[in-house]
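**Q** Structure file model_39.txt (compact mmCIF, C-alpha atoms and all ligand atoms) right here:
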```txt
# COMPACT_ATOMS: atom_id res chain seq x y z
CA MET A 1 -14.06 9.51 -40.71
CA LYS A 2 -17.18 7.65 -41.71
CA GLU A 3 -17.62 4.34 -43.47
CA LYS A 4 -20.90 4.51 -45.28
CA MET A 5 -20.01 2.51 -48.35
CA ASP A 6 -21.71 -0.73 -49.21
CA ARG A 7 -19.03 -2.94 -50.71
CA GLU A 8 -21.47 -5.69 -51.69
CA ALA A 9 -23.73 -3.28 -53.53
CA ILE A 10 -20.76 -1.93 -55.49
CA GLU A 11 -19.56 -5.44 -56.38
CA TYR A 12 -23.05 -6.45 -57.47
CA GLY A 13 -23.36 -3.28 -59.53
CA ILE A 14 -20.12 -3.98 -61.38
CA LEU A 15 -21.16 -7.59 -61.97
CA CYS A 16 -24.44 -6.36 -63.53
CA PHE A 17 -22.51 -3.83 -65.61
CA LEU A 18 -20.19 -6.50 -67.02
CA GLU A 19 -23.06 -8.90 -67.66
CA GLY A 20 -24.93 -6.05 -69.29
CA LEU A 21 -22.04 -5.75 -71.72
CA GLY A 22 -22.69 -9.39 -72.58
CA LEU A 23 -19.59 -10.74 -70.88
CA ASP A 24 -19.21 -14.10 -69.23
CA VAL A 25 -17.89 -13.02 -65.87
CA THR A 26 -17.93 -16.46 -64.25
CA ASN A 27 -15.75 -18.14 -66.85
CA ASP A 28 -13.36 -15.40 -67.92
CA GLN A 29 -10.24 -15.63 -65.78
CA HIS A 30 -9.60 -11.90 -66.06
CA LEU A 31 -13.15 -10.84 -65.20
CA LYS A 32 -13.92 -13.33 -62.43
CA LYS A 33 -12.61 -11.11 -59.64
CA THR A 34 -13.19 -7.77 -61.37
CA PRO A 35 -16.26 -6.78 -59.30
CA GLN A 36 -14.21 -7.21 -56.10
CA ARG A 37 -11.19 -5.42 -57.55
CA VAL A 38 -13.27 -2.50 -58.78
CA ALA A 39 -15.09 -2.14 -55.46
CA LYS A 40 -11.77 -2.15 -53.60
CA ALA A 41 -10.26 0.48 -55.89
CA TRP A 42 -13.26 2.80 -55.57
CA ILE A 43 -13.63 2.42 -51.82
CA GLU A 44 -9.93 2.71 -51.03
CA THR A 45 -8.92 5.32 -53.58
CA PHE A 46 -11.19 6.75 -56.28
CA ALA A 47 -14.10 7.50 -53.94
CA SER A 48 -12.15 7.59 -50.68
CA GLY A 49 -12.68 11.34 -50.37
CA TYR A 50 -16.29 10.76 -49.30
CA GLN A 51 -15.02 9.32 -46.03
CA PHE A 52 -13.68 12.69 -44.90
CA THR A 53 -16.16 14.98 -43.22
CA ASP A 54 -15.73 18.73 -43.08
CA GLU A 55 -14.60 18.25 -39.48
CA ASP A 56 -11.85 15.84 -40.62
CA ILE A 57 -10.63 18.41 -43.14
CA LYS A 58 -10.69 21.10 -40.47
CA GLN A 59 -8.48 18.86 -38.30
CA MET A 60 -6.21 18.20 -41.26
CA LEU A 61 -5.62 21.92 -41.62
CA SER A 62 -5.36 22.63 -37.91
CA VAL A 63 -1.67 21.83 -37.35
CA GLU A 64 -0.71 25.35 -38.08
CA PHE A 65 2.10 27.75 -37.63
CA LYS A 66 1.30 31.15 -36.23
CA ASP A 67 3.31 33.51 -38.28
CA ASN A 68 3.37 37.10 -39.38
CA TYR A 69 4.46 36.10 -42.86
CA ASP A 70 1.98 37.82 -45.09
CA SER A 71 3.30 37.27 -48.59
CA MET A 72 1.82 34.89 -51.05
CA VAL A 73 2.43 31.15 -50.71
CA VAL A 74 2.02 29.21 -53.95
CA VAL A 75 2.44 25.51 -54.66
CA LYS A 76 2.20 24.47 -58.27
CA ASP A 77 2.33 21.35 -60.43
CA ILE A 78 0.53 19.31 -57.77
CA PRO A 79 -0.80 16.26 -59.61
CA PHE A 80 -4.39 15.12 -59.16
CA VAL A 81 -6.51 12.26 -60.49
CA SER A 82 -10.27 12.39 -60.30
CA HIS A 83 -13.32 10.80 -61.94
CA CYS A 84 -15.98 12.68 -63.82
CA ALA A 85 -19.45 12.46 -62.35
CA HIS A 86 -20.99 12.27 -65.83
CA HIS A 87 -19.14 9.28 -67.31
CA LEU A 88 -17.17 7.79 -64.40
CA VAL A 89 -13.95 8.07 -66.37
CA GLN A 90 -10.75 9.69 -65.28
CA PHE A 91 -9.72 13.25 -65.59
CA SER A 92 -6.32 14.25 -64.32
CA GLY A 93 -3.89 17.09 -64.36
CA THR A 94 -2.13 19.52 -62.11
CA ALA A 95 -3.13 22.16 -59.64
CA LYS A 96 -1.74 25.49 -58.61
CA ILE A 97 -2.86 26.50 -55.15
CA GLY A 98 -1.97 29.77 -53.48
CA TYR A 99 -3.01 31.83 -50.52
CA VAL A 100 -2.00 34.96 -48.70
CA PRO A 101 -1.86 34.15 -44.97
CA LYS A 102 -3.55 36.16 -42.27
CA GLY A 103 -1.65 34.88 -39.21
CA LYS A 104 -2.00 31.19 -40.00
CA ILE A 105 0.25 29.10 -42.22
CA VAL A 106 -0.35 25.45 -43.05
CA GLY A 107 2.17 22.87 -44.23
CA LEU A 108 2.41 22.69 -47.99
CA SER A 109 1.56 18.99 -48.05
CA LYS A 110 -1.78 19.86 -46.45
CA LEU A 111 -2.82 21.76 -49.55
CA ALA A 112 -2.19 18.67 -51.65
CA ARG A 113 -4.10 16.50 -49.16
CA VAL A 114 -7.16 18.71 -49.34
CA LEU A 115 -6.98 18.56 -53.12
CA ASP A 116 -6.89 14.74 -52.90
CA VAL A 117 -9.90 14.57 -50.60
CA PHE A 118 -12.05 16.37 -53.14
CA ALA A 119 -10.45 14.78 -56.22
CA HIS A 120 -11.25 11.36 -54.77
CA ARG A 121 -14.96 11.95 -55.23
CA LEU A 122 -17.07 12.04 -58.37
CA GLN A 123 -16.48 15.48 -59.76
CA VAL A 124 -16.73 17.98 -62.51
CA GLN A 125 -13.57 20.07 -62.71
CA GLU A 126 -15.35 23.37 -62.00
CA SER A 127 -16.77 22.08 -58.71
CA LEU A 128 -13.50 20.48 -57.69
CA THR A 129 -11.76 23.82 -58.15
CA GLU A 130 -14.37 25.68 -56.11
CA GLN A 131 -14.55 23.11 -53.34
CA VAL A 132 -10.79 23.19 -52.77
CA ALA A 133 -10.71 27.00 -52.77
CA GLU A 134 -13.73 27.38 -50.50
CA THR A 135 -12.49 24.77 -48.03
CA LEU A 136 -9.07 26.39 -47.73
CA ASN A 137 -10.71 29.77 -47.37
CA LYS A 138 -12.97 28.50 -44.61
CA HIS A 139 -10.36 26.62 -42.57
CA ILE A 140 -7.24 28.73 -43.06
CA GLY A 141 -8.99 32.10 -43.08
CA PRO A 142 -6.45 33.80 -45.36
CA GLU A 143 -6.53 37.23 -46.98
CA GLY A 144 -7.18 35.46 -50.23
CA VAL A 145 -6.95 32.07 -51.88
CA GLY A 146 -6.63 30.91 -55.46
CA VAL A 147 -6.89 27.53 -57.15
CA VAL A 148 -6.20 26.82 -60.81
CA LEU A 149 -6.67 23.33 -62.23
CA THR A 150 -5.43 22.18 -65.61
CA GLY A 151 -6.99 18.88 -66.58
CA THR A 152 -7.29 16.35 -69.37
CA HIS A 153 -10.64 14.58 -69.51
CA MET A 154 -10.92 11.08 -70.89
CA CYS A 155 -14.56 11.73 -71.65
CA MET A 156 -13.40 14.56 -73.91
CA THR A 157 -10.31 12.93 -75.38
CA SER A 158 -11.48 9.38 -75.99
CA ARG A 159 -15.24 9.53 -76.55
CA GLY A 160 -17.85 11.88 -78.00
CA VAL A 161 -16.09 14.72 -79.79
CA LYS A 162 -12.70 12.95 -79.39
CA LYS A 163 -10.32 15.81 -79.07
CA PRO A 164 -7.04 14.31 -77.91
CA GLY A 165 -4.74 16.83 -76.32
CA SER A 166 -7.45 19.29 -75.35
CA ILE A 167 -7.09 20.60 -71.84
CA MET A 168 -9.48 22.37 -69.53
CA ILE A 169 -8.43 25.17 -67.23
CA THR A 170 -10.60 26.26 -64.33
CA SER A 171 -9.90 28.78 -61.62
CA CYS A 172 -11.45 29.99 -58.43
CA LEU A 173 -10.16 33.10 -56.70
CA LEU A 174 -11.54 34.24 -53.36
CA GLY A 175 -11.06 37.24 -51.09
CA LYS A 176 -8.28 39.64 -52.01
CA MET A 177 -6.98 37.15 -54.55
CA ARG A 178 -10.05 38.11 -56.53
CA SER A 179 -10.51 41.77 -55.59
CA ASP A 180 -6.91 42.98 -55.48
CA LYS A 181 -5.65 43.32 -59.05
CA ALA A 182 -1.94 43.12 -58.20
CA MET A 183 -2.43 40.08 -55.99
CA ARG A 184 -4.47 38.33 -58.61
CA ALA A 185 -1.87 39.01 -61.29
CA GLU A 186 0.93 37.83 -59.02
CA PHE A 187 -0.85 34.53 -58.40
CA LEU A 188 -1.88 33.91 -61.99
CA ASN A 189 1.60 34.68 -63.30
CA PHE A 190 3.39 32.45 -60.81
ZN ZN A 201 -17.35 13.15 -68.36
```
As structure tokens - that is how I would like this structure written.
**A**
Amino acid sequence: MKEKMDREAIEYGILCFLEGLGLDVTNDQHLKKTPQRVAKAWIETFASGYQFTDEDIKQMLSVEFKDNYDSMVVVKDIPFVSHCAHHLVQFSGTAKIGYVPKGKIVGLSKLARVLDVFAHRLQVQESLTEQVAETLNKHIGPEGVGVVLTGTHMCMTSRGVKKPGSIMITSCLLGKMRSDKAMRAEFLNF
């Protein structure tokens, strides 16, 4: 774990942002403590994923079960909340994560934790999908891994083109999950 965040800089940045909007931060009872609240929320949650190094994630995935089970493991409907790197607004949705073990099985909650580590960074959905898949591939060493994210983006639904209800689906398939047709179909149809 590393603490490289500068709380004061974040608070000052939010203060400037609010003042830039023309707001009277000092005298508005609801805004007075907003810079501190926002900094706390980003450090502790929204951007907390930056505090995990690759080594931390490796550790997270290291409590393993040695097993000869070699059929597909799929967890779906795992909720995630992330923030888009382009507008700093939320995008959220659900993930389906699956892998075909090669001697190593990890607890199901670990898959959700890895998703959270990357979701709690500034992201675009495509990269989030790839980062989760590549990290699981690297640290579990499975026959194949697949990640599908279904997300709703506030920057799409409430600004710009304003398309409420539109969803974005991204997928990343690695190893046999990509090359083996039957395996791929099994995962995608789950
Ligand atoms: Zn955006």
**Q** Give one line per residue of chain A that approaches ligand ZN 201 (chain A) to at most 6 Å, naming the two atoms of the closest pair and their distance in Å to one decimal, counting only C-alpha atoms and all ligand atoms; sort by chain then ascending residue number and deliver it as JSON lines.
**A**
```
{"residue": "A:Cys84", "atom": "CA", "partner": "A:ZN201", "partner_atom": "ZN", "distance": 4.8}
{"residue": "A:His86", "atom": "CA", "partner": "A:ZN201", "partner_atom": "ZN", "distance": 4.5}
{"residue": "A:His87", "atom": "CA", "partner": "A:ZN201", "partner_atom": "ZN", "distance": 4.4}
{"residue": "A:Cys155", "atom": "CA", "partner": "A:ZN201", "partner_atom": "ZN", "distance": 4.5}
```
**Q** For the selection just defined, write its residues with C-alpha atoms to a file, as an mmCIF file, in the frame of the given file.
**A**
```cif
data_model
loop_
_atom_site.group_PDB
_atom_site.id
_atom_site.type_symbol
_atom_site.label_atom_id
_atom_site.label_comp_id
_atom_site.auth_asym_id
_atom_site.auth_seq_id
_atom_site.Cartn_x
_atom_site.Cartn_y
_atom_site.Cartn_z
ATOM 1 C CA CYS A 84 -15.980 12.680 -63.820
ATOM 2 C CA HIS A 86 -20.990 12.270 -65.830
ATOM 3 C CA HIS A 87 -19.140 9.280 -67.310
ATOM 4 C CA CYS A 155 -14.560 11.730 -71.650
#
```
**Q** Can you pull out every residue within 10 Å of Val132 in chain A, counting only C-alpha atoms, but drop anything in the same chain fewer than 4 positions away, and send it as a ChimeraX atom specification?
**A** /A:97,111-112,114-119,127-128,136-138,145-148,172
**Q** Measuring between all atoms listed in the file, which one of A:Lys102, A:Lys181, A:Lys4, A:Arg159 shows the shortest distance to Val89 in chain A?
**A** A:Arg159
**Q** Report, in Å to a single decimal, how far apart CA of His139 in chain A and CA of Lys58 in chain A are.
**A**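 We find that CA of Lys58 in chain A and CA of His139 in chain A lie 5.9 Å from each other.
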**Q** Find the residue from A:Leu108, A:Val100, A:Ser92, A:Cys16 that sits nearest to Ile167 in chain A; use all atoms listed in the file when measuring.
**A**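 Closest to Ile167 in chain A of all the choices is A:Ser92.
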**Q** Pick the closest to Ala95 in chain A from A:Lys163, A:Asn68, A:Gln59, A:Thr129: which is it, counting all atoms listed in the file?
**A**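 Checking each candidate against Ala95 in chain A, we get A:Thr129 as the closest.
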**Q** Point out the residue among A:Arg184, A:Lys96, A:Lys162, A:Arg7 with the least atom-to-atom distance to Glu44 in chain A, counting only C-alpha atoms.
**A** A:Arg7
**Q** Tell me which residues come within 9 Å of (1.3, 31.8, -54.7), as a list in words, counting all atoms listed in the file in the file's coordinates.
**A** Ser71, Met72, Val73, Val74, Val75, Lys76, Lys96, Ile97, Gly98, Tyr99, Val100, Val145, Gly146, Glu186, Phe187, Leu188 and Phe190 of chain A
**Q** May I ask for the distance between CA of Asn189 in chain A and CA of Thr170 in chain A, given in Å to one decimal place?
**A**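 Between CA of Asn189 in chain A and CA of Thr170 in chain A the gap is 14.9 Å.
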**Q** Within 7 Å of (1.7, 26.5, -42.7) (coordinates as in the file), grab all the protein and nucleic acid residues, counting all atoms listed in the file, and write them out as a list of chain:residue names.
**A** A:Glu64, A:Phe65, A:Lys104, A:Ile105, A:Val106, A:Gly107, A:Leu108
**Q** For Thr45 in chain A, work out the shell of residues within 12 Å, counting all atoms listed in the file and skipping chain neighbours fewer than 5 positions away, then give it as a PyMOL selection string.
**A** chain A and resi 37-40+50-51+81-83+116-122
**Q** Now that the selection is made, can you save its residues with C-alpha atoms as a compact mmCIF listing (two decimals), keeping the file's coordinate frame?
**A**
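Saved the output as selection.txt:
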```txt
# COMPACT_ATOMS: atom_id res chain seq x y z
CA ARG A 37 -11.19 -5.42 -57.55
CA VAL A 38 -13.27 -2.50 -58.78
CA ALA A 39 -15.09 -2.14 -55.46
CA LYS A 40 -11.77 -2.15 -53.60
CA TYR A 50 -16.29 10.76 -49.30
CA GLN A 51 -15.02 9.32 -46.03
CA VAL A 81 -6.51 12.26 -60.49
CA SER A 82 -10.27 12.39 -60.30
CA HIS A 83 -13.32 10.80 -61.94
CA ASP A 116 -6.89 14.74 -52.90
CA VAL A 117 -9.90 14.57 -50.60
CA PHE A 118 -12.05 16.37 -53.14
CA ALA A 119 -10.45 14.78 -56.22
CA HIS A 120 -11.25 11.36 -54.77
CA ARG A 121 -14.96 11.95 -55.23
CA LEU A 122 -17.07 12.04 -58.37
```
**Q** Mind pulling up the distance from CA of Ala133 in chain A to CA of Ser109 in chain A?
**A** 15.4 Å
**Q** For Ser158 in chain A, please output as a list in words all residues within 12 Å (counting only C-alpha atoms; exclusion window: fewer than 6 positions along the same chain).
**A**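 In the requested format, the answer is His87, Val89, Gln90, Phe91, Thr152, Pro164, Gly165 and Ser166 of chain A.
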**Q** So which one's closest to Leu173 in chain A, A:Gly160, A:Gly103, A:Lys66, A:Glu134? Using all atoms listed in the file, please.
**A**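 Looking only at the distances to Leu173 in chain A, the closest residue turns out to be A:Glu134.
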**Q** Which residue out of A:Glu11, A:Glu143, A:Asp56, A:Asp77 has the minimum interatomic distance to Ile43 in chain A when only C-alpha atoms are used?
**A**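 Looking only at the distances to Ile43 in chain A, the closest residue turns out to be A:Glu11.
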